[in-house]
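A quick write-up on the structure given underneath.
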Amino acid sequence: MIQSMTGFGKATLQLPTKKITVEVKSLNSKGLDLNTRMPSVYREMELGLRNEIALKLERGKIDFSIYIEITGEQTSSKINAPIVKAYIKQMQEVIPNADETELMKMAVRMPDALKTERDEIDENDWAAIQKVIKEALDNIWNFRQDEGKSLENEFQLRIGNIRQYMNDALALDPERVQAIKDRLQTAISELKVNVDENRFEQELIYYLEKLDITEEKVRLTNHLDYFLETIKGTEANGRKLGFITQEMGREINTMGSKSNHAQMQKLVVMMKDELEKIKEQVLNVL
């Protein structure tokens with residue numbers, strides 16, 4: 001079962017004094033491009049988190065965020081009382097009769113009037129946060145799985161279309177061969193020269209062999225079957241699917257260069273169009 005690299009996962013956790021929200025977004029990328037946003041208090045946990053995310057999601061351009069919303073009376077900033085009192089005393093010496101309320105307003109805006117205490121990680125809180133992180137990662141993984149099912153249905157449709165166009169092209173082969181023979185016979189007749197019939201037949205067979213598309217049909221059929229087999233696999237296989245589409249493209253291009261028949265060339269163009277749609281979607285496969 002293939003999995004998409006595009007996905008979104010979110011989970012929330014309400015603690016006594018704060019609300020934790022974890023969001024994970026993912027887009028396609030050649031490798032793992034991970035960007036994390038989290039409060040500074042949890043930065044020391046970042047390396048372990050990155051390893052956990054990489055193990056779970058493997059590949060893609062991933063944005064991982066932890067948001068904290070304070071819902072209680074807890075605050076990390078406190079008034080630095082000794083400093084504020086010192087500022088007020090100094091201002092009273094300059095303006096003896098000044099209103100104390102106004103002096104207080106001025107003092108709390110002075111440098112170092114507020115002190116921010118660095119929060120320490122609460123082990124119980126972090127254990128709970130780890131659970132919500134796991135939930136968000138599970139949610140994006142499930143999202144990717146659902147997207148993968150949609151991609152699989154799309155691939156099966158496109159592969160089926162290519163196979164049908166290929167068979168339609170092969171059905172035109174007798175008509176194409178006869179048209180080539182007639183065209184060569186007409187050209188020889190217009191030359192008004194004597195031709196060795198045996199030699200002409202040998203040359204005609206050689207020419208038609210060079211235009212034969214049976215081998216391309218066999219190889220393209222194998223590639224189509226291998227593509228369908230690969231999307232049913234259990235491992236991440238986006239890169240492999242990309243390689244298979246390259247081989248499919250080579251066989252389709254060769255069929256087009258050999259076709260020498262207007263209707264067959266139209267079918268080749270339609271195969272190429274289906275293949276391009278496959279290639280676009282393969283970029284999203286993990």
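Ligands are numbered from 1 in the order shown, residues from 1 within each chain, and chains are lettered A, B, ... in the order they appear in the structure tokens.
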
Would you kindly return, as a ChimeraX atom specification, each protein, DNA or RNA residue with an atom no farther than 12 Å from any atom of Glu154 in chain A, considering only C-alpha atoms and excluding same-chain residues fewer than 2 positions away?
/A:2,147-152,156-161,228,231,274-275,277-282

Compile the contact shell of Ala11 in chain A as a PDB file with all heavy atoms, in the first residue's frame: residues with an atom at most 9 Å away, counting only C-alpha atoms, same-chain residues fewer than 2 positions apart removed.
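result.pdb, freshly written:
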ATOM      1  N   GLY A   9      -1.729  16.576  10.568  1.00  0.00           N
ATOM      2  CA  GLY A   9      -2.152  15.951  11.815  1.00  0.00           C
ATOM      3  C   GLY A   9      -2.157  16.968  12.938  1.00  0.00           C
ATOM      4  O   GLY A   9      -1.278  17.834  13.004  1.00  0.00           O
ATOM      5  N   LEU A  13      -4.038  19.030  24.048  1.00  0.00           N
ATOM      6  CA  LEU A  13      -4.009  18.509  25.426  1.00  0.00           C
ATOM      7  C   LEU A  13      -4.246  19.669  26.386  1.00  0.00           C
ATOM      8  O   LEU A  13      -3.591  20.708  26.286  1.00  0.00           O
ATOM      9  CB  LEU A  13      -2.644  17.872  25.711  1.00  0.00           C
ATOM     10  CG  LEU A  13      -2.369  17.467  27.165  1.00  0.00           C
ATOM     11  CD1 LEU A  13      -3.279  16.310  27.567  1.00  0.00           C
ATOM     12  CD2 LEU A  13      -0.910  17.080  27.349  1.00  0.00           C
ATOM     13  N   ILE A  20      -1.947  22.647  25.354  1.00  0.00           N
ATOM     14  CA  ILE A  20      -0.889  22.278  24.412  1.00  0.00           C
ATOM     15  C   ILE A  20      -1.529  21.855  23.092  1.00  0.00           C
ATOM     16  O   ILE A  20      -2.444  21.027  23.075  1.00  0.00           O
ATOM     17  CB  ILE A  20      -0.042  21.112  24.961  1.00  0.00           C
ATOM     18  CG1 ILE A  20       0.474  21.424  26.365  1.00  0.00           C
ATOM     19  CG2 ILE A  20       1.106  20.801  24.007  1.00  0.00           C
ATOM     20  CD1 ILE A  20       1.454  22.550  26.429  1.00  0.00           C
ATOM     21  N   THR A  21      -1.064  22.433  22.001  1.00  0.00           N
ATOM     22  CA  THR A  21      -1.525  22.047  20.668  1.00  0.00           C
ATOM     23  C   THR A  21      -0.322  21.626  19.833  1.00  0.00           C
ATOM     24  O   THR A  21       0.676  22.356  19.752  1.00  0.00           O
ATOM     25  CB  THR A  21      -2.250  23.215  19.964  1.00  0.00           C
ATOM     26  OG1 THR A  21      -3.365  23.629  20.750  1.00  0.00           O
ATOM     27  CG2 THR A  21      -2.747  22.787  18.587  1.00  0.00           C
ATOM     28  N   VAL A  22      -0.415  20.456  19.223  1.00  0.00           N
ATOM     29  CA  VAL A  22       0.653  19.951  18.354  1.00  0.00           C
ATOM     30  C   VAL A  22       0.092  19.835  16.941  1.00  0.00           C
ATOM     31  O   VAL A  22      -0.963  19.231  16.728  1.00  0.00           O
ATOM     32  CB  VAL A  22       1.170  18.576  18.826  1.00  0.00           C
ATOM     33  CG1 VAL A  22       2.221  18.043  17.855  1.00  0.00           C
ATOM     34  CG2 VAL A  22       1.758  18.687  20.226  1.00  0.00           C
ATOM     35  N   GLU A  23       0.796  20.425  15.965  1.00  0.00           N
ATOM     36  CA  GLU A  23       0.398  20.357  14.562  1.00  0.00           C
ATOM     37  C   GLU A  23       1.560  19.831  13.731  1.00  0.00           C
ATOM     38  O   GLU A  23       2.718  20.220  13.958  1.00  0.00           O
ATOM     39  CB  GLU A  23      -0.021  21.731  14.035  1.00  0.00           C
ATOM     40  CG  GLU A  23      -1.339  22.235  14.583  1.00  0.00           C
ATOM     41  CD  GLU A  23      -1.778  23.533  13.929  1.00  0.00           C
ATOM     42  OE1 GLU A  23      -1.025  24.063  13.077  1.00  0.00           O
ATOM     43  OE2 GLU A  23      -2.874  24.027  14.260  1.00  0.00           O
ATOM     44  N   VAL A 132       0.456  13.372  23.311  1.00  0.00           N
ATOM     45  CA  VAL A 132      -0.270  14.161  22.315  1.00  0.00           C
ATOM     46  C   VAL A 132       0.554  14.308  21.032  1.00  0.00           C
ATOM     47  O   VAL A 132       0.003  14.395  19.929  1.00  0.00           O
ATOM     48  CB  VAL A 132      -0.678  15.536  22.890  1.00  0.00           C
ATOM     49  CG1 VAL A 132       0.435  16.552  22.823  1.00  0.00           C
ATOM     50  CG2 VAL A 132      -1.913  16.075  22.184  1.00  0.00           C
ATOM     51  N   ILE A 133       1.886  14.310  21.163  1.00  0.00           N
ATOM     52  CA  ILE A 133       2.750  14.318  19.977  1.00  0.00           C
ATOM     53  C   ILE A 133       2.545  13.026  19.188  1.00  0.00           C
ATOM     54  O   ILE A 133       2.403  13.041  17.958  1.00  0.00           O
ATOM     55  CB  ILE A 133       4.231  14.480  20.380  1.00  0.00           C
ATOM     56  CG1 ILE A 133       4.488  15.898  20.902  1.00  0.00           C
ATOM     57  CG2 ILE A 133       5.150  14.170  19.198  1.00  0.00           C
ATOM     58  CD1 ILE A 133       5.866  16.097  21.495  1.00  0.00           C
ATOM     59  N   LYS A 134       2.508  11.914  19.904  1.00  0.00           N
ATOM     60  CA  LYS A 134       2.276  10.631  19.251  1.00  0.00           C
ATOM     61  C   LYS A 134       0.915  10.613  18.555  1.00  0.00           C
ATOM     62  O   LYS A 134       0.775  10.102  17.438  1.00  0.00           O
ATOM     63  CB  LYS A 134       2.359   9.495  20.264  1.00  0.00           C
ATOM     64  CG  LYS A 134       2.182   8.097  19.650  1.00  0.00           C
ATOM     65  CD  LYS A 134       2.255   7.007  20.694  1.00  0.00           C
ATOM     66  CE  LYS A 134       2.144   5.617  20.058  1.00  0.00           C
ATOM     67  NZ  LYS A 134       0.908   5.452  19.281  1.00  0.00           N
ATOM     68  N   GLU A 135      -0.078  11.208  19.191  1.00  0.00           N
ATOM     69  CA  GLU A 135      -1.414  11.255  18.596  1.00  0.00           C
ATOM     70  C   GLU A 135      -1.411  12.067  17.299  1.00  0.00           C
ATOM     71  O   GLU A 135      -2.010  11.669  16.292  1.00  0.00           O
ATOM     72  CB  GLU A 135      -2.406  11.866  19.587  1.00  0.00           C
ATOM     73  CG  GLU A 135      -3.843  11.906  19.078  1.00  0.00           C
ATOM     74  CD  GLU A 135      -4.798  12.559  20.059  1.00  0.00           C
ATOM     75  OE1 GLU A 135      -4.409  12.774  21.235  1.00  0.00           O
ATOM     76  OE2 GLU A 135      -5.941  12.862  19.650  1.00  0.00           O
ATOM     77  N   ALA A 136      -0.708  13.208  17.307  1.00  0.00           N
ATOM     78  CA  ALA A 136      -0.631  14.045  16.102  1.00  0.00           C
ATOM     79  C   ALA A 136       0.094  13.317  14.981  1.00  0.00           C
ATOM     80  O   ALA A 136      -0.311  13.387  13.813  1.00  0.00           O
ATOM     81  CB  ALA A 136       0.073  15.363  16.425  1.00  0.00           C
ATOM     82  N   LEU A 137       1.183  12.609  15.326  1.00  0.00           N
ATOM     83  CA  LEU A 137       1.928  11.856  14.313  1.00  0.00           C
ATOM     84  C   LEU A 137       1.086  10.705  13.760  1.00  0.00           C
ATOM     85  O   LEU A 137       1.135  10.409  12.561  1.00  0.00           O
ATOM     86  CB  LEU A 137       3.237  11.328  14.909  1.00  0.00           C
ATOM     87  CG  LEU A 137       4.294  12.378  15.247  1.00  0.00           C
ATOM     88  CD1 LEU A 137       5.514  11.720  15.897  1.00  0.00           C
ATOM     89  CD2 LEU A 137       4.716  13.155  14.008  1.00  0.00           C
ATOM     90  N   ASN A 139      -2.126  10.775  13.549  1.00  0.00           N
ATOM     91  CA  ASN A 139      -3.161  11.403  12.719  1.00  0.00           C
ATOM     92  C   ASN A 139      -2.635  11.732  11.325  1.00  0.00           C
ATOM     93  O   ASN A 139      -3.324  11.494  10.328  1.00  0.00           O
ATOM     94  CB  ASN A 139      -3.687  12.672  13.394  1.00  0.00           C
ATOM     95  CG  ASN A 139      -4.556  12.376  14.601  1.00  0.00           C
ATOM     96  OD1 ASN A 139      -5.068  11.266  14.743  1.00  0.00           O
ATOM     97  ND2 ASN A 139      -4.714  13.346  15.487  1.00  0.00           N
TER      98      ASN A 139
END

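Here CA of Leu27 in chain A and CA of Lys61 in chain A stand 5.0 Å from one another.
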
Could you name the residues that touch Leu170 in chain A at 9 Å or less, counting only C-alpha atoms, but leaving out those on the same chain fewer than 3 positions away, as a ChimeraX atom specification?
/A:165-167,173-174,213-214,217,264

Show me, as a ChimeraX atom specification, the residues that have an atom within 7 Å of His223 in chain A when counting only C-alpha atoms, minus same-chain residues fewer than 3 positions from it.
/A:219-220,226-227,244,248

Between CA of Gly242 in chain A and CA of Asp168 in chain A, distance in Å (one decimal):
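Those two atoms sit 25.6 Å apart.
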
Write out as a JSON list (two decimals) with N, CA and C atoms, in the first residue's frame which residues come within 7 Å of range 256-262 of chain A when counting only C-alpha atoms, dropping same-chain ones fewer than 5 positions away.
[["chain", "number", "residue", "atom", "x", "y", "z"],
["A", 176, "ARG", "N", -1.24, -0.49, -40.63],
["A", 176, "ARG", "CA", -0.01, 0.30, -40.78],
["A", 176, "ARG", "C", 0.97, -0.39, -41.71],
["A", 211, "LEU", "N", 10.62, -1.35, -38.01],
["A", 211, "LEU", "CA", 9.47, -0.59, -37.54],
["A", 211, "LEU", "C", 8.56, -1.40, -36.64],
["A", 268, "VAL", "N", -0.14, 7.19, -29.26],
["A", 268, "VAL", "CA", 1.11, 7.35, -28.51],
["A", 268, "VAL", "C", 1.08, 8.66, -27.72]]

Interatomic distance, CA of Gly238 in chain A to CA of Glu216 in chain A (Å, one decimal):
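Here the two named atoms are 24.3 Å from each other.
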
Go through A:Leu47, A:Val24, A:Arg250, A:Asn80 one by one, measure the shortest atom-to-atom distance of each to Ile62 in chain A using only C-alpha atoms, and give the residue with the smallest value.
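Among A:Leu47, A:Val24, A:Arg250, A:Asn80, it is A:Val24 that comes nearest to Ile62 in chain A.
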
Give me, as number ranges by chain, all polymer residues having an atom no more than 6 Å from Gln3 in chain A, counting only C-alpha atoms and skipping those fewer than 4 positions away in the same chain.
A: 144-145, 148, 285-286

Would you mind telling me which residue in A:Asn237, A:Gln164, A:Asn51, A:Asn28 lies nearest to Asn284 in chain A when using only C-alpha atoms?
A:Asn28

Would you please extract all strand (DSSP E) residues from range 41-168 of chain A, as assigned by DSSP on the backbone, and give them as a compact mmCIF listing (two decimals) with N, CA and C atoms, in the first residue's frame?
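So selection-v5.txt came out as:
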# COMPACT_ATOMS: atom_id res chain seq x y z
N GLY A 60 9.72 13.85 3.26
CA GLY A 60 8.79 14.93 3.00
C GLY A 60 9.27 16.24 3.61
N LYS A 61 8.66 17.34 3.18
CA LYS A 61 8.92 18.66 3.78
C LYS A 61 7.93 18.81 4.93
N ILE A 62 8.44 18.70 6.15
CA ILE A 62 7.58 18.57 7.33
C ILE A 62 7.74 19.79 8.25
N ASP A 63 6.60 20.37 8.63
CA ASP A 63 6.57 21.44 9.63
C ASP A 63 5.92 20.89 10.89
N PHE A 64 6.69 20.88 11.97
CA PHE A 64 6.20 20.37 13.26
C PHE A 64 6.17 21.52 14.26
N SER A 65 5.02 21.73 14.90
CA SER A 65 4.86 22.87 15.82
C SER A 65 4.20 22.44 17.12
N ILE A 66 4.71 23.01 18.22
CA ILE A 66 4.08 22.87 19.53
C ILE A 66 3.70 24.27 20.00
N TYR A 67 2.41 24.48 20.25
CA TYR A 67 1.93 25.77 20.74
C TYR A 67 1.44 25.63 22.18
N ILE A 68 1.72 26.65 22.99
CA ILE A 68 1.28 26.64 24.39
C ILE A 68 0.41 27.87 24.65
N GLU A 69 -0.78 27.63 25.15
CA GLU A 69 -1.70 28.72 25.51
C GLU A 69 -1.94 28.65 27.02
N ILE A 70 -1.52 29.70 27.73
CA ILE A 70 -1.69 29.75 29.18
C ILE A 70 -3.17 29.97 29.50
N SER A 77 6.70 35.84 34.14
CA SER A 77 7.27 37.17 34.41
C SER A 77 6.76 37.68 35.76
N LYS A 78 7.69 38.20 36.57
CA LYS A 78 7.33 38.73 37.89
C LYS A 78 8.01 40.08 38.09
N ILE A 79 7.36 40.90 38.95
CA ILE A 79 7.94 42.21 39.24
C ILE A 79 9.20 42.04 40.09
N LEU A 114 10.97 44.03 35.42
CA LEU A 114 10.34 42.72 35.37
C LEU A 114 11.42 41.66 35.19
N LYS A 115 11.28 40.57 35.88
CA LYS A 115 12.24 39.47 35.70
C LYS A 115 11.48 38.24 35.23
N THR A 116 12.07 37.58 34.26
CA THR A 116 11.47 36.38 33.69
C THR A 116 12.20 35.16 34.23

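Closest approach to Lys30 in chain A among A:Lys89, A:Tyr42, A:Glu58, A:Phe8: A:Glu58, based on only C-alpha atoms.
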
Tell me which of A:Lys266, A:Lys85, A:Arg109, A:Lys232 sits closest to Ala169 in chain A, counting only C-alpha atoms.
A:Lys266
